[in-house]
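Report on the structure given below.
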Amino acid sequence: MSSKRGREGRLKPQHAALYPGLAPGVWLPVENLIRHVTQLIYQDPALRRIITGPRLLHQEHFEYRGASERPEGLPGSASRLSDSSAEPRTFPPTQAETDQGNQRGPTS
């Protein structure tokens, strides 16, 4: 029985020194890589300019395989949410937001 896998990435060996704690050549879910890179940037904000590019995971530092399900509302021609140039979908307000909006303050 095979389990469904989403998008995975692995660190290229030549960039391993930039990512302490991340083993090169090991396939990991992209979500784990994002979490790791985010933690590195949090610990040392100067790394942001070195280990990231237009996207959080530097395209030249990692290899990728697999696919993730497309988020609902993402235009079919966009390969990533950041490519879509689409405005985020707005959802109807929650009941609490509606109730808060209907409250009136003191009138003069």
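Convention: chains lettered A, B, ... in structure tokens order; per-chain residue numbering from 1; ligands numbered from 1 as shown.
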
Discussion item. Excluding region 28-41 of chain A and its own-chain neighbours fewer than 2 positions away, which residues fall within 6 Å of it when counting only C-alpha atoms? Please give them as a list in words.
Written reply: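 These residues fall inside the cut-off: Arg7, Glu8, Gly9, Gln43, Asp44, Pro45, Leu47 and Arg48 of chain A.
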
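Straight-line separation from CA of Leu56 (chain A) to CA of Tyr42 (chain A): 12.7 Å.
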
Worksheet item: Mind checking DSSP for region 15-81 of chain A and telling me the alpha helix (DSSP H) residues as a PyMOL selection string?
Response: chain A and resi 30-43+48-51
